[in-house]
Structures are given as C-alpha cells and as structure tokens.
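J.: Below you'll find entry33.cif; it's mmCIF, N, CA and C atoms.
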```
data_query
loop_
_atom_site.label_atom_id
_atom_site.label_comp_id
_atom_site.auth_asym_id
_atom_site.auth_seq_id
_atom_site.Cartn_x
_atom_site.Cartn_y
_atom_site.Cartn_z
N LEU W 1 110.56 105.07 88.00
CA LEU W 1 111.78 105.66 87.49
C LEU W 1 111.43 106.77 86.52
N THR W 2 112.07 107.90 86.70
CA THR W 2 111.81 109.04 85.82
C THR W 2 113.08 109.41 85.08
N GLU W 3 112.97 110.37 84.16
CA GLU W 3 114.14 110.86 83.43
C GLU W 3 115.15 111.50 84.37
N LYS W 4 114.69 112.00 85.52
CA LYS W 4 115.57 112.64 86.50
C LYS W 4 116.01 111.68 87.60
N GLY W 5 115.73 110.39 87.43
CA GLY W 5 116.13 109.39 88.42
C GLY W 5 114.93 108.84 89.17
N PRO W 6 115.17 107.95 90.14
CA PRO W 6 114.06 107.34 90.88
C PRO W 6 113.37 108.36 91.79
N LYS W 7 112.06 108.22 91.90
CA LYS W 7 111.25 109.07 92.78
C LYS W 7 110.43 108.16 93.69
N VAL W 8 110.33 108.53 94.96
CA VAL W 8 109.55 107.76 95.92
C VAL W 8 108.09 108.20 95.83
N ILE W 9 107.20 107.25 95.60
CA ILE W 9 105.77 107.59 95.55
C ILE W 9 105.03 107.03 96.76
N GLU W 10 105.63 106.06 97.45
CA GLU W 10 105.02 105.55 98.67
C GLU W 10 106.07 104.75 99.43
N TYR W 11 105.86 104.64 100.73
CA TYR W 11 106.71 103.80 101.57
C TYR W 11 105.89 102.58 101.97
N ASN W 12 106.43 101.40 101.77
CA ASN W 12 105.75 100.17 102.14
C ASN W 12 106.52 99.51 103.28
N CYS W 13 106.00 99.64 104.49
CA CYS W 13 106.72 99.09 105.64
C CYS W 13 105.81 98.30 106.58
N ARG W 14 104.55 98.12 106.22
CA ARG W 14 103.68 97.28 107.03
C ARG W 14 104.06 95.82 106.77
N PHE W 15 103.88 94.94 107.74
CA PHE W 15 104.26 93.55 107.56
C PHE W 15 103.38 92.85 106.53
N GLY W 16 102.26 93.41 106.16
CA GLY W 16 101.41 92.83 105.13
C GLY W 16 101.81 93.23 103.73
N ASP W 17 102.77 94.14 103.59
CA ASP W 17 103.21 94.59 102.27
C ASP W 17 104.24 93.62 101.70
N PRO W 18 104.07 93.20 100.44
CA PRO W 18 105.06 92.31 99.83
C PRO W 18 106.46 92.90 99.85
N GLU W 19 106.57 94.21 99.75
CA GLU W 19 107.88 94.86 99.76
C GLU W 19 108.58 94.64 101.11
N THR W 20 107.83 94.54 102.18
CA THR W 20 108.40 94.27 103.50
C THR W 20 108.64 92.78 103.68
N GLN W 21 107.69 91.98 103.25
CA GLN W 21 107.79 90.53 103.43
C GLN W 21 109.04 89.97 102.75
N VAL W 22 109.38 90.49 101.60
CA VAL W 22 110.55 89.99 100.88
C VAL W 22 111.83 90.36 101.61
N VAL W 23 111.87 91.53 102.23
CA VAL W 23 113.06 91.92 102.99
C VAL W 23 113.17 91.08 104.26
N LEU W 24 112.06 90.82 104.92
CA LEU W 24 112.08 90.02 106.14
C LEU W 24 112.54 88.59 105.87
N ALA W 25 112.35 88.11 104.65
CA ALA W 25 112.82 86.76 104.31
C ALA W 25 114.33 86.64 104.43
N LEU W 26 115.04 87.76 104.33
CA LEU W 26 116.50 87.76 104.43
C LEU W 26 117.00 88.09 105.84
N LEU W 27 116.11 88.49 106.73
CA LEU W 27 116.51 88.87 108.08
C LEU W 27 116.94 87.64 108.87
N GLU W 28 118.18 87.64 109.34
CA GLU W 28 118.68 86.54 110.16
C GLU W 28 118.57 86.84 111.64
N SER W 29 118.55 88.10 112.01
CA SER W 29 118.39 88.48 113.41
C SER W 29 116.98 88.17 113.86
N ASP W 30 116.80 88.06 115.17
CA ASP W 30 115.47 87.84 115.73
C ASP W 30 114.64 89.11 115.58
N LEU W 31 113.53 89.02 114.87
CA LEU W 31 112.70 90.20 114.60
C LEU W 31 112.20 90.85 115.88
N PHE W 32 111.79 90.07 116.86
CA PHE W 32 111.29 90.65 118.11
C PHE W 32 112.37 91.48 118.79
N THR W 33 113.60 90.95 118.80
CA THR W 33 114.71 91.68 119.42
C THR W 33 114.96 93.01 118.72
N VAL W 34 114.91 93.00 117.40
CA VAL W 34 115.10 94.23 116.62
C VAL W 34 113.97 95.22 116.91
N MET W 35 112.73 94.74 116.92
CA MET W 35 111.59 95.62 117.18
C MET W 35 111.65 96.20 118.60
N GLN W 36 112.06 95.39 119.55
CA GLN W 36 112.18 95.87 120.93
C GLN W 36 113.25 96.95 121.03
N ALA W 37 114.36 96.76 120.33
CA ALA W 37 115.42 97.77 120.33
C ALA W 37 114.92 99.08 119.72
N VAL W 38 114.10 98.99 118.68
CA VAL W 38 113.53 100.20 118.07
C VAL W 38 112.65 100.93 119.07
N THR W 39 111.75 100.21 119.73
CA THR W 39 110.83 100.88 120.67
C THR W 39 111.56 101.46 121.87
N GLU W 40 112.70 100.87 122.22
CA GLU W 40 113.48 101.37 123.36
C GLU W 40 114.56 102.36 122.91
N GLU W 41 114.52 102.76 121.63
CA GLU W 41 115.45 103.74 121.06
C GLU W 41 116.91 103.36 121.26
N ARG W 42 117.21 102.08 121.05
CA ARG W 42 118.58 101.59 121.14
C ARG W 42 118.92 100.67 119.97
N LEU W 43 118.37 100.98 118.81
CA LEU W 43 118.63 100.17 117.62
C LEU W 43 120.11 100.16 117.27
N SER W 44 120.81 101.26 117.53
CA SER W 44 122.24 101.32 117.20
C SER W 44 123.05 100.29 117.99
N GLU W 45 122.50 99.79 119.08
CA GLU W 45 123.19 98.79 119.89
C GLU W 45 122.83 97.37 119.48
N ALA W 46 121.79 97.21 118.70
CA ALA W 46 121.33 95.87 118.32
C ALA W 46 122.09 95.35 117.12
N GLU W 47 122.27 94.04 117.09
CA GLU W 47 122.90 93.41 115.93
C GLU W 47 121.80 93.02 114.94
N VAL W 48 121.82 93.66 113.78
CA VAL W 48 120.83 93.37 112.73
C VAL W 48 121.59 92.75 111.57
N ARG W 49 121.31 91.46 111.33
CA ARG W 49 122.02 90.72 110.28
C ARG W 49 121.04 90.27 109.20
N PHE W 50 121.48 90.37 107.97
CA PHE W 50 120.71 89.87 106.83
C PHE W 50 121.54 88.82 106.11
N ALA W 51 120.86 87.83 105.54
CA ALA W 51 121.52 86.79 104.77
C ALA W 51 122.03 87.35 103.45
N ASP W 52 123.09 86.75 102.95
CA ASP W 52 123.57 87.08 101.61
C ASP W 52 122.57 86.51 100.62
N GLY W 53 122.62 86.99 99.41
CA GLY W 53 121.74 86.47 98.37
C GLY W 53 120.57 87.39 98.11
N ALA W 54 119.49 86.80 97.67
CA ALA W 54 118.31 87.58 97.29
C ALA W 54 117.05 86.83 97.71
N ALA W 55 115.95 87.56 97.74
CA ALA W 55 114.66 86.96 98.04
C ALA W 55 113.64 87.47 97.04
N ALA W 56 112.59 86.70 96.86
CA ALA W 56 111.50 87.08 95.96
C ALA W 56 110.18 86.73 96.62
N CYS W 57 109.16 87.53 96.33
CA CYS W 57 107.82 87.29 96.86
C CYS W 57 106.83 87.51 95.72
N VAL W 58 106.07 86.46 95.42
CA VAL W 58 105.03 86.54 94.39
C VAL W 58 103.69 86.45 95.08
N ILE W 59 102.83 87.43 94.84
CA ILE W 59 101.51 87.48 95.46
C ILE W 59 100.50 86.72 94.61
N LEU W 60 99.77 85.81 95.23
CA LEU W 60 98.64 85.15 94.60
C LEU W 60 97.40 85.93 95.02
N ALA W 61 96.70 86.46 94.07
CA ALA W 61 95.53 87.30 94.33
C ALA W 61 94.30 86.69 93.70
N SER W 62 93.16 87.21 94.09
CA SER W 62 91.90 86.82 93.47
C SER W 62 91.69 87.66 92.22
N GLN W 63 91.28 87.02 91.14
CA GLN W 63 91.02 87.73 89.88
C GLN W 63 90.10 88.91 90.15
N GLY W 64 90.45 90.07 89.64
CA GLY W 64 89.66 91.28 89.85
C GLY W 64 90.25 92.21 90.90
N TYR W 65 91.18 91.70 91.75
CA TYR W 65 91.83 92.52 92.76
C TYR W 65 92.61 93.63 92.06
N PRO W 66 92.59 94.86 92.50
CA PRO W 66 92.11 95.36 93.78
C PRO W 66 90.68 95.88 93.76
N LEU W 67 89.97 95.73 92.66
CA LEU W 67 88.61 96.27 92.57
C LEU W 67 87.60 95.24 93.08
N ALA W 68 86.92 94.57 92.19
CA ALA W 68 85.89 93.61 92.58
C ALA W 68 86.42 92.19 92.39
N TYR W 69 86.22 91.36 93.39
CA TYR W 69 86.67 89.97 93.32
C TYR W 69 85.75 89.11 94.18
N GLU W 70 85.72 87.83 93.85
CA GLU W 70 84.94 86.87 94.62
C GLU W 70 85.85 86.23 95.66
N LYS W 71 85.26 85.72 96.72
CA LYS W 71 86.03 85.02 97.74
C LYS W 71 85.25 83.78 98.18
N GLY W 72 85.90 82.96 98.99
CA GLY W 72 85.26 81.75 99.47
C GLY W 72 85.68 80.50 98.73
N PHE W 73 86.73 80.59 97.91
CA PHE W 73 87.21 79.42 97.16
C PHE W 73 88.25 78.68 97.99
N GLU W 74 88.19 77.35 97.97
CA GLU W 74 89.15 76.55 98.72
C GLU W 74 90.54 76.69 98.12
N ILE W 75 91.55 76.79 99.00
CA ILE W 75 92.95 76.89 98.59
C ILE W 75 93.59 75.52 98.74
N SER W 76 94.16 75.02 97.65
CA SER W 76 94.88 73.74 97.68
C SER W 76 96.37 74.01 97.59
N MET W 77 97.16 73.20 98.28
CA MET W 77 98.61 73.37 98.25
C MET W 77 99.28 72.08 98.68
N THR W 78 100.56 71.94 98.30
CA THR W 78 101.34 70.83 98.79
C THR W 78 101.82 71.17 100.21
N GLU W 79 102.09 70.16 101.00
CA GLU W 79 102.61 70.40 102.36
C GLU W 79 104.01 71.02 102.29
N ALA W 80 104.76 70.70 101.26
CA ALA W 80 106.13 71.22 101.14
C ALA W 80 106.16 72.73 100.96
N VAL W 81 105.13 73.30 100.34
CA VAL W 81 105.14 74.74 100.06
C VAL W 81 104.62 75.56 101.25
N ARG W 82 103.85 74.96 102.12
CA ARG W 82 103.19 75.70 103.21
C ARG W 82 104.13 76.58 104.03
N PRO W 83 105.34 76.12 104.41
CA PRO W 83 106.23 76.99 105.20
C PRO W 83 106.72 78.23 104.46
N HIS W 84 106.51 78.28 103.16
CA HIS W 84 106.99 79.39 102.34
C HIS W 84 105.87 80.35 101.96
N LEU W 85 104.73 80.22 102.62
CA LEU W 85 103.57 81.06 102.32
C LEU W 85 103.30 82.04 103.44
N LEU W 86 102.92 83.26 103.05
CA LEU W 86 102.48 84.29 103.99
C LEU W 86 101.01 84.56 103.68
N PHE W 87 100.14 84.22 104.61
CA PHE W 87 98.71 84.32 104.37
C PHE W 87 98.20 85.72 104.68
N ALA W 88 97.34 86.23 103.82
CA ALA W 88 96.75 87.56 103.98
C ALA W 88 95.24 87.45 103.89
N GLY W 89 94.71 87.34 102.67
CA GLY W 89 93.27 87.24 102.46
C GLY W 89 92.84 85.79 102.41
N ALA W 90 93.05 85.10 103.52
CA ALA W 90 92.68 83.69 103.62
C ALA W 90 92.07 83.45 105.00
N LYS W 91 91.18 82.47 105.07
CA LYS W 91 90.62 82.10 106.37
C LYS W 91 90.48 80.59 106.44
N GLU W 92 90.54 80.10 107.67
CA GLU W 92 90.39 78.68 107.90
C GLU W 92 88.98 78.39 108.38
N LYS W 93 88.40 77.33 107.83
CA LYS W 93 87.08 76.90 108.25
C LYS W 93 87.02 75.38 108.14
N ASP W 94 86.68 74.74 109.23
CA ASP W 94 86.57 73.28 109.27
C ASP W 94 87.85 72.60 108.77
N GLY W 95 89.01 73.15 109.14
CA GLY W 95 90.28 72.54 108.79
C GLY W 95 90.75 72.79 107.37
N LYS W 96 90.03 73.61 106.62
CA LYS W 96 90.42 73.92 105.25
C LYS W 96 90.64 75.42 105.12
N LEU W 97 91.46 75.82 104.14
CA LEU W 97 91.72 77.23 103.88
C LEU W 97 90.90 77.70 102.69
N TYR W 98 90.38 78.95 102.82
CA TYR W 98 89.57 79.55 101.75
C TYR W 98 90.04 80.96 101.49
N THR W 99 89.84 81.41 100.25
CA THR W 99 90.15 82.81 99.94
C THR W 99 89.17 83.70 100.68
N ASN W 100 89.68 84.83 101.17
CA ASN W 100 88.84 85.75 101.94
C ASN W 100 89.25 87.20 101.71
N GLY W 101 89.90 87.46 100.58
CA GLY W 101 90.34 88.81 100.27
C GLY W 101 90.93 88.84 98.88
N GLY W 102 91.36 90.02 98.49
CA GLY W 102 91.93 90.19 97.17
C GLY W 102 93.35 89.69 97.07
N ARG W 103 94.19 90.11 98.01
CA ARG W 103 95.58 89.66 98.08
C ARG W 103 95.58 88.44 99.01
N VAL W 104 95.55 87.25 98.44
CA VAL W 104 95.32 86.03 99.21
C VAL W 104 96.55 85.57 99.98
N LEU W 105 97.68 85.43 99.30
CA LEU W 105 98.89 84.99 99.99
C LEU W 105 100.13 85.35 99.19
N GLY W 106 101.26 85.35 99.89
CA GLY W 106 102.55 85.60 99.27
C GLY W 106 103.37 84.32 99.27
N VAL W 107 104.06 84.07 98.18
CA VAL W 107 104.93 82.91 98.04
C VAL W 107 106.36 83.45 98.06
N VAL W 108 107.14 83.04 99.05
CA VAL W 108 108.47 83.62 99.28
C VAL W 108 109.56 82.58 99.02
N ALA W 109 110.68 83.04 98.49
CA ALA W 109 111.84 82.17 98.29
C ALA W 109 113.12 82.97 98.42
N ARG W 110 114.16 82.30 98.91
CA ARG W 110 115.51 82.87 98.98
C ARG W 110 116.41 82.09 98.05
N GLY W 111 117.36 82.79 97.44
CA GLY W 111 118.33 82.13 96.56
C GLY W 111 119.66 82.86 96.59
N LYS W 112 120.64 82.29 95.90
CA LYS W 112 121.98 82.92 95.88
C LYS W 112 121.95 84.24 95.14
N ASP W 113 120.99 84.38 94.21
CA ASP W 113 120.81 85.63 93.48
C ASP W 113 119.32 85.77 93.13
N LEU W 114 118.96 86.89 92.53
CA LEU W 114 117.55 87.14 92.23
C LEU W 114 116.99 86.12 91.25
N ARG W 115 117.76 85.72 90.27
CA ARG W 115 117.29 84.74 89.28
C ARG W 115 116.90 83.43 89.97
N GLU W 116 117.74 82.97 90.88
CA GLU W 116 117.44 81.72 91.60
C GLU W 116 116.23 81.89 92.53
N ALA W 117 116.16 83.02 93.24
CA ALA W 117 115.04 83.26 94.15
C ALA W 117 113.72 83.30 93.38
N LEU W 118 113.71 83.96 92.23
CA LEU W 118 112.49 84.03 91.41
C LEU W 118 112.10 82.65 90.88
N ALA W 119 113.07 81.87 90.44
CA ALA W 119 112.78 80.53 89.94
C ALA W 119 112.16 79.68 91.04
N LEU W 120 112.70 79.77 92.25
CA LEU W 120 112.15 79.01 93.37
C LEU W 120 110.74 79.50 93.72
N ALA W 121 110.55 80.81 93.74
CA ALA W 121 109.23 81.36 94.08
C ALA W 121 108.18 80.93 93.06
N TYR W 122 108.48 81.08 91.79
CA TYR W 122 107.51 80.69 90.76
C TYR W 122 107.29 79.18 90.75
N GLY W 123 108.29 78.40 91.09
CA GLY W 123 108.11 76.96 91.24
C GLY W 123 107.15 76.64 92.37
N ARG W 124 107.24 77.40 93.45
CA ARG W 124 106.33 77.20 94.58
C ARG W 124 104.92 77.68 94.26
N VAL W 125 104.80 78.71 93.43
CA VAL W 125 103.48 79.18 93.01
C VAL W 125 102.70 78.04 92.37
N GLU W 126 103.39 77.19 91.62
CA GLU W 126 102.74 76.07 90.94
C GLU W 126 102.21 75.02 91.91
N GLN W 127 102.61 75.11 93.17
CA GLN W 127 102.18 74.15 94.18
C GLN W 127 100.95 74.63 94.96
N VAL W 128 100.40 75.77 94.55
CA VAL W 128 99.23 76.37 95.20
C VAL W 128 98.18 76.63 94.14
N SER W 129 96.91 76.41 94.47
CA SER W 129 95.86 76.74 93.50
C SER W 129 94.54 77.04 94.20
N PHE W 130 93.78 77.91 93.56
CA PHE W 130 92.40 78.20 93.96
C PHE W 130 91.68 78.81 92.77
N THR W 131 90.38 78.71 92.77
CA THR W 131 89.57 79.27 91.70
C THR W 131 89.79 80.78 91.63
N ASN W 132 89.90 81.31 90.43
CA ASN W 132 90.10 82.74 90.18
C ASN W 132 91.48 83.24 90.61
N GLU W 133 92.44 82.35 90.73
CA GLU W 133 93.81 82.72 91.11
C GLU W 133 94.44 83.59 90.02
N PHE W 134 95.17 84.59 90.46
CA PHE W 134 95.87 85.49 89.55
C PHE W 134 97.20 85.87 90.18
N TYR W 135 98.26 85.94 89.39
CA TYR W 135 99.53 86.47 89.88
C TYR W 135 100.31 87.07 88.71
N ARG W 136 101.15 88.02 89.06
CA ARG W 136 101.98 88.66 88.04
C ARG W 136 103.13 87.73 87.67
N ARG W 137 103.45 87.72 86.40
CA ARG W 137 104.53 86.87 85.91
C ARG W 137 105.80 87.70 85.59
N ASP W 138 105.78 88.97 85.96
CA ASP W 138 106.92 89.84 85.64
C ASP W 138 107.69 90.31 86.87
N ILE W 139 107.46 89.69 88.01
CA ILE W 139 108.17 90.10 89.22
C ILE W 139 109.67 89.96 89.00
N GLY W 140 110.41 91.02 89.26
CA GLY W 140 111.86 91.01 89.12
C GLY W 140 112.39 91.15 87.71
N LYS W 141 111.50 91.22 86.73
CA LYS W 141 111.93 91.24 85.33
C LYS W 141 112.85 92.43 85.02
N ARG W 142 112.45 93.63 85.45
CA ARG W 142 113.28 94.82 85.16
C ARG W 142 114.65 94.73 85.85
N ALA W 143 114.67 94.19 87.07
CA ALA W 143 115.95 94.05 87.77
C ALA W 143 116.86 93.07 87.05
N LEU W 144 116.31 91.99 86.53
CA LEU W 144 117.12 91.01 85.82
C LEU W 144 117.63 91.56 84.49
N GLU W 145 116.82 92.40 83.84
CA GLU W 145 117.23 93.01 82.56
C GLU W 145 118.31 94.06 82.76
N ALA W 146 118.32 94.70 83.95
CA ALA W 146 119.32 95.75 84.22
C ALA W 146 120.63 95.12 84.45
#
```
Would you mind writing the structure in this file as structure tokens?
T.:
Amino acid sequence: LTEKGPKVIEYNCRFGDPETQVVLALLESDLFTVMQAVTEERLSEAEVRFADGAAACVILASQGYPLAYEKGFEISMTEAVRPHLLFAGAKEKDGKLYTNGGRVLGVVARGKDLREALALAYGRVEQVSFTNEFYRRDIGKRALEA
C-alpha cells in the first residue's frame, strides 16, 4: 500500500502460492470443470461459485527460508488436521513425512469471517510440528485492524 493507493508488485496464481490456495479453499465449483472451461475459452458459460465467509492459509516453513534452511526433519501431526494441509516442501519415506523444502506446508481454514478463519487456521497449526518449524503470526492482522 502506498500513499497513492494499492500497487501491484506481483501476481500469485500458481497453485503452490498461498495467495491462490486460500482462494481455492472457498471455491465450491468443480475446479477441473472451471479449468476446462478456461482452456476451451468458454468460461463465461461456466458456473463458478464461491462459499460465503472467509478463508485463511498459514504457511509452516523451515527456519531460514527463503535463504538457507535444513531439511529432512520428520513432520508430526494429528489425523484430524491432515485434510486441512496443503503439502509443498515435504516428502514421504517409509510411511512417514519429512521436510524437504523451505515452504513445507499450508494450513487452511474456512470460517464465517476472517477472524474465525484465522482462529481455526492457527488452532490447526498447533496440531503440526517439526524441527526448525517457523510461521508468521501476523497473517490477516492488517485486514482485521482495518
């Protein structure tokens, strides 16, 4: 945000971007159907529905990301949180998950508003752990203050 208003410095639209993952959490339409309509240049004919409310995504990263970080640490989690995780820098070996990158995983939650979505997301963060885990604690703070 600048004195002259908001300025775009980058577009985040890859499915690995937290900015995209949080929007997809609200998508009620079938993603494949929407993508197919885009490739066939008939998106205007497709029904694209989003849920009411808000979503939040908190990234669990390896300490030192995006510069230098260690990997290979086992990831522990409750079974209840697993469906709410988007894995990025993680790999499975012998039935266990290990860190394998800087941005390890995203923890996603939906709520009636941003405050509820953030509370759910941060509650789910507490259900995941690995050595050298790091995450921002200010996600959504400016939006809530506004």
J.: Quick one: pull the distance between atom CA of Asp30 of chain W and atom CA of Arg14 of chain W, Å, one decimal.
T.: 17.4 Å
J.: How many Å separate atom C of Gly72 of chain W from atom CA of Glu19 of chain W?
T.: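 We find that atom C of Gly72 of chain W and atom CA of Glu19 of chain W lie 26.5 Å from each other.
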J.: Taking the file as shown, what set of residues would the PyMOL selection byres (((chain W and resi 98-110 and name CA) around 8) and name CA) give back, as a ChimeraX atom specification?
T.: /W:18,22,25-26,53-66,69,71-75,84-93,96-97,111-112,116-118,120-121,124-125,130
J.: Please produce an output containing N, CA and C atoms for each residue in the selection, written as a short mmCIF file (atom, residue, chain, number, x, y, z; two decimals), in the frame of the given file.
T.:
```cif
data_model
loop_
_atom_site.label_atom_id
_atom_site.label_comp_id
_atom_site.auth_asym_id
_atom_site.auth_seq_id
_atom_site.Cartn_x
_atom_site.Cartn_y
_atom_site.Cartn_z
N PRO W 18 104.07 93.20 100.44
CA PRO W 18 105.06 92.31 99.83
C PRO W 18 106.46 92.90 99.85
N VAL W 22 109.38 90.49 101.60
CA VAL W 22 110.55 89.99 100.88
C VAL W 22 111.83 90.36 101.61
N ALA W 25 112.35 88.11 104.65
CA ALA W 25 112.82 86.76 104.31
C ALA W 25 114.33 86.64 104.43
N LEU W 26 115.04 87.76 104.33
CA LEU W 26 116.50 87.76 104.43
C LEU W 26 117.00 88.09 105.84
N GLY W 53 122.62 86.99 99.41
CA GLY W 53 121.74 86.47 98.37
C GLY W 53 120.57 87.39 98.11
N ALA W 54 119.49 86.80 97.67
CA ALA W 54 118.31 87.58 97.29
C ALA W 54 117.05 86.83 97.71
N ALA W 55 115.95 87.56 97.74
CA ALA W 55 114.66 86.96 98.04
C ALA W 55 113.64 87.47 97.04
N ALA W 56 112.59 86.70 96.86
CA ALA W 56 111.50 87.08 95.96
C ALA W 56 110.18 86.73 96.62
N CYS W 57 109.16 87.53 96.33
CA CYS W 57 107.82 87.29 96.86
C CYS W 57 106.83 87.51 95.72
N VAL W 58 106.07 86.46 95.42
CA VAL W 58 105.03 86.54 94.39
C VAL W 58 103.69 86.45 95.08
N ILE W 59 102.83 87.43 94.84
CA ILE W 59 101.51 87.48 95.46
C ILE W 59 100.50 86.72 94.61
N LEU W 60 99.77 85.81 95.23
CA LEU W 60 98.64 85.15 94.60
C LEU W 60 97.40 85.93 95.02
N ALA W 61 96.70 86.46 94.07
CA ALA W 61 95.53 87.30 94.33
C ALA W 61 94.30 86.69 93.70
N SER W 62 93.16 87.21 94.09
CA SER W 62 91.90 86.82 93.47
C SER W 62 91.69 87.66 92.22
N GLN W 63 91.28 87.02 91.14
CA GLN W 63 91.02 87.73 89.88
C GLN W 63 90.10 88.91 90.15
N GLY W 64 90.45 90.07 89.64
CA GLY W 64 89.66 91.28 89.85
C GLY W 64 90.25 92.21 90.90
N TYR W 65 91.18 91.70 91.75
CA TYR W 65 91.83 92.52 92.76
C TYR W 65 92.61 93.63 92.06
N PRO W 66 92.59 94.86 92.50
CA PRO W 66 92.11 95.36 93.78
C PRO W 66 90.68 95.88 93.76
N TYR W 69 86.22 91.36 93.39
CA TYR W 69 86.67 89.97 93.32
C TYR W 69 85.75 89.11 94.18
N LYS W 71 85.26 85.72 96.72
CA LYS W 71 86.03 85.02 97.74
C LYS W 71 85.25 83.78 98.18
N GLY W 72 85.90 82.96 98.99
CA GLY W 72 85.26 81.75 99.47
C GLY W 72 85.68 80.50 98.73
N PHE W 73 86.73 80.59 97.91
CA PHE W 73 87.21 79.42 97.16
C PHE W 73 88.25 78.68 97.99
N GLU W 74 88.19 77.35 97.97
CA GLU W 74 89.15 76.55 98.72
C GLU W 74 90.54 76.69 98.12
N ILE W 75 91.55 76.79 99.00
CA ILE W 75 92.95 76.89 98.59
C ILE W 75 93.59 75.52 98.74
N HIS W 84 106.51 78.28 103.16
CA HIS W 84 106.99 79.39 102.34
C HIS W 84 105.87 80.35 101.96
N LEU W 85 104.73 80.22 102.62
CA LEU W 85 103.57 81.06 102.32
C LEU W 85 103.30 82.04 103.44
N LEU W 86 102.92 83.26 103.05
CA LEU W 86 102.48 84.29 103.99
C LEU W 86 101.01 84.56 103.68
N PHE W 87 100.14 84.22 104.61
CA PHE W 87 98.71 84.32 104.37
C PHE W 87 98.20 85.72 104.68
N ALA W 88 97.34 86.23 103.82
CA ALA W 88 96.75 87.56 103.98
C ALA W 88 95.24 87.45 103.89
N GLY W 89 94.71 87.34 102.67
CA GLY W 89 93.27 87.24 102.46
C GLY W 89 92.84 85.79 102.41
N ALA W 90 93.05 85.10 103.52
CA ALA W 90 92.68 83.69 103.62
C ALA W 90 92.07 83.45 105.00
N LYS W 91 91.18 82.47 105.07
CA LYS W 91 90.62 82.10 106.37
C LYS W 91 90.48 80.59 106.44
N GLU W 92 90.54 80.10 107.67
CA GLU W 92 90.39 78.68 107.90
C GLU W 92 88.98 78.39 108.38
N LYS W 93 88.40 77.33 107.83
CA LYS W 93 87.08 76.90 108.25
C LYS W 93 87.02 75.38 108.14
N LYS W 96 90.03 73.61 106.62
CA LYS W 96 90.42 73.92 105.25
C LYS W 96 90.64 75.42 105.12
N LEU W 97 91.46 75.82 104.14
CA LEU W 97 91.72 77.23 103.88
C LEU W 97 90.90 77.70 102.69
N GLY W 111 117.36 82.79 97.44
CA GLY W 111 118.33 82.13 96.56
C GLY W 111 119.66 82.86 96.59
N LYS W 112 120.64 82.29 95.90
CA LYS W 112 121.98 82.92 95.88
C LYS W 112 121.95 84.24 95.14
N GLU W 116 117.74 82.97 90.88
CA GLU W 116 117.44 81.72 91.60
C GLU W 116 116.23 81.89 92.53
N ALA W 117 116.16 83.02 93.24
CA ALA W 117 115.04 83.26 94.15
C ALA W 117 113.72 83.30 93.38
N LEU W 118 113.71 83.96 92.23
CA LEU W 118 112.49 84.03 91.41
C LEU W 118 112.10 82.65 90.88
N LEU W 120 112.70 79.77 92.25
CA LEU W 120 112.15 79.01 93.37
C LEU W 120 110.74 79.50 93.72
N ALA W 121 110.55 80.81 93.74
CA ALA W 121 109.23 81.36 94.08
C ALA W 121 108.18 80.93 93.06
N ARG W 124 107.24 77.40 93.45
CA ARG W 124 106.33 77.20 94.58
C ARG W 124 104.92 77.68 94.26
N VAL W 125 104.80 78.71 93.43
CA VAL W 125 103.48 79.18 93.01
C VAL W 125 102.70 78.04 92.37
N PHE W 130 93.78 77.91 93.56
CA PHE W 130 92.40 78.20 93.96
C PHE W 130 91.68 78.81 92.77
#
```
J.: Let's see if you can do this: from backbone DSSP, list all strand (DSSP E) residues in segment 17-115 of chain W, as a PyMOL selection string.
T.: chain W and resi 54-62+76-77+85-87+90-93+96-99+103-111
J.: One number please: atom CA of Met35 of chain W to atom CA of Val23 of chain W, in Å, one decimal.
T.: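 Atom CA of Met35 of chain W sits 14.7 Å away from atom CA of Val23 of chain W.
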J.: Step by step, gather every atom of segment 1-5 of chain W that the file lists, find the box along x, y and z that holds them, add 5 Å on each side, and finally give centre and edge lengths in Å to one decimal, as AutoDock Vina command-line options.
T.:
```
--center_x 113.3 --center_y 108.9 --center_z 86.3 --size_x 15.6 --size_y 17.6 --size_z 15.7
```
J.: From the options W:Glu79, W:Asp113, W:Glu70, W:Glu10, which residue's atoms come nearest to Ala51 of chain W, counting only C-alpha atoms?
T.: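 Among the listed residues, W:Asp113 lies closest to Ala51 of chain W.
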J.: Using the chain letters and numbers from this file, what does the PyMOL selection byres ((chain W and resi 50) around 5) select? Give the answer as a list in words.
T.: Leu26, Leu27, Glu28, Val48, Arg49, Ala51 and Asp52 of chain W
J.: Mind telling me what the PyMOL selection byres ((chain W and resi 78) around 7) catches here, as an mmCIF file with N, CA and C atoms, in the coordinates of the input?
T.:
```
data_model
loop_
_atom_site.group_PDB
_atom_site.id
_atom_site.type_symbol
_atom_site.label_atom_id
_atom_site.label_comp_id
_atom_site.auth_asym_id
_atom_site.auth_seq_id
_atom_site.Cartn_x
_atom_site.Cartn_y
_atom_site.Cartn_z
ATOM 1 N N SER W 76 94.160 75.020 97.650
ATOM 2 C CA SER W 76 94.880 73.740 97.680
ATOM 3 C C SER W 76 96.370 74.010 97.590
ATOM 4 N N MET W 77 97.160 73.200 98.280
ATOM 5 C CA MET W 77 98.610 73.370 98.250
ATOM 6 C C MET W 77 99.280 72.080 98.680
ATOM 7 N N GLU W 79 102.090 70.160 101.000
ATOM 8 C CA GLU W 79 102.610 70.400 102.360
ATOM 9 C C GLU W 79 104.010 71.020 102.290
ATOM 10 N N ALA W 80 104.760 70.700 101.260
ATOM 11 C CA ALA W 80 106.130 71.220 101.140
ATOM 12 C C ALA W 80 106.160 72.730 100.960
ATOM 13 N N VAL W 81 105.130 73.300 100.340
ATOM 14 C CA VAL W 81 105.140 74.740 100.060
ATOM 15 C C VAL W 81 104.620 75.560 101.250
ATOM 16 N N ARG W 82 103.850 74.960 102.120
ATOM 17 C CA ARG W 82 103.190 75.700 103.210
ATOM 18 C C ARG W 82 104.130 76.580 104.030
ATOM 19 N N GLN W 127 102.610 75.110 93.170
ATOM 20 C CA GLN W 127 102.180 74.150 94.180
ATOM 21 C C GLN W 127 100.950 74.630 94.960
ATOM 22 N N VAL W 128 100.400 75.770 94.550
ATOM 23 C CA VAL W 128 99.230 76.370 95.200
ATOM 24 C C VAL W 128 98.180 76.630 94.140
ATOM 25 N N SER W 129 96.910 76.410 94.470
ATOM 26 C CA SER W 129 95.860 76.740 93.500
ATOM 27 C C SER W 129 94.540 77.040 94.200
#
```
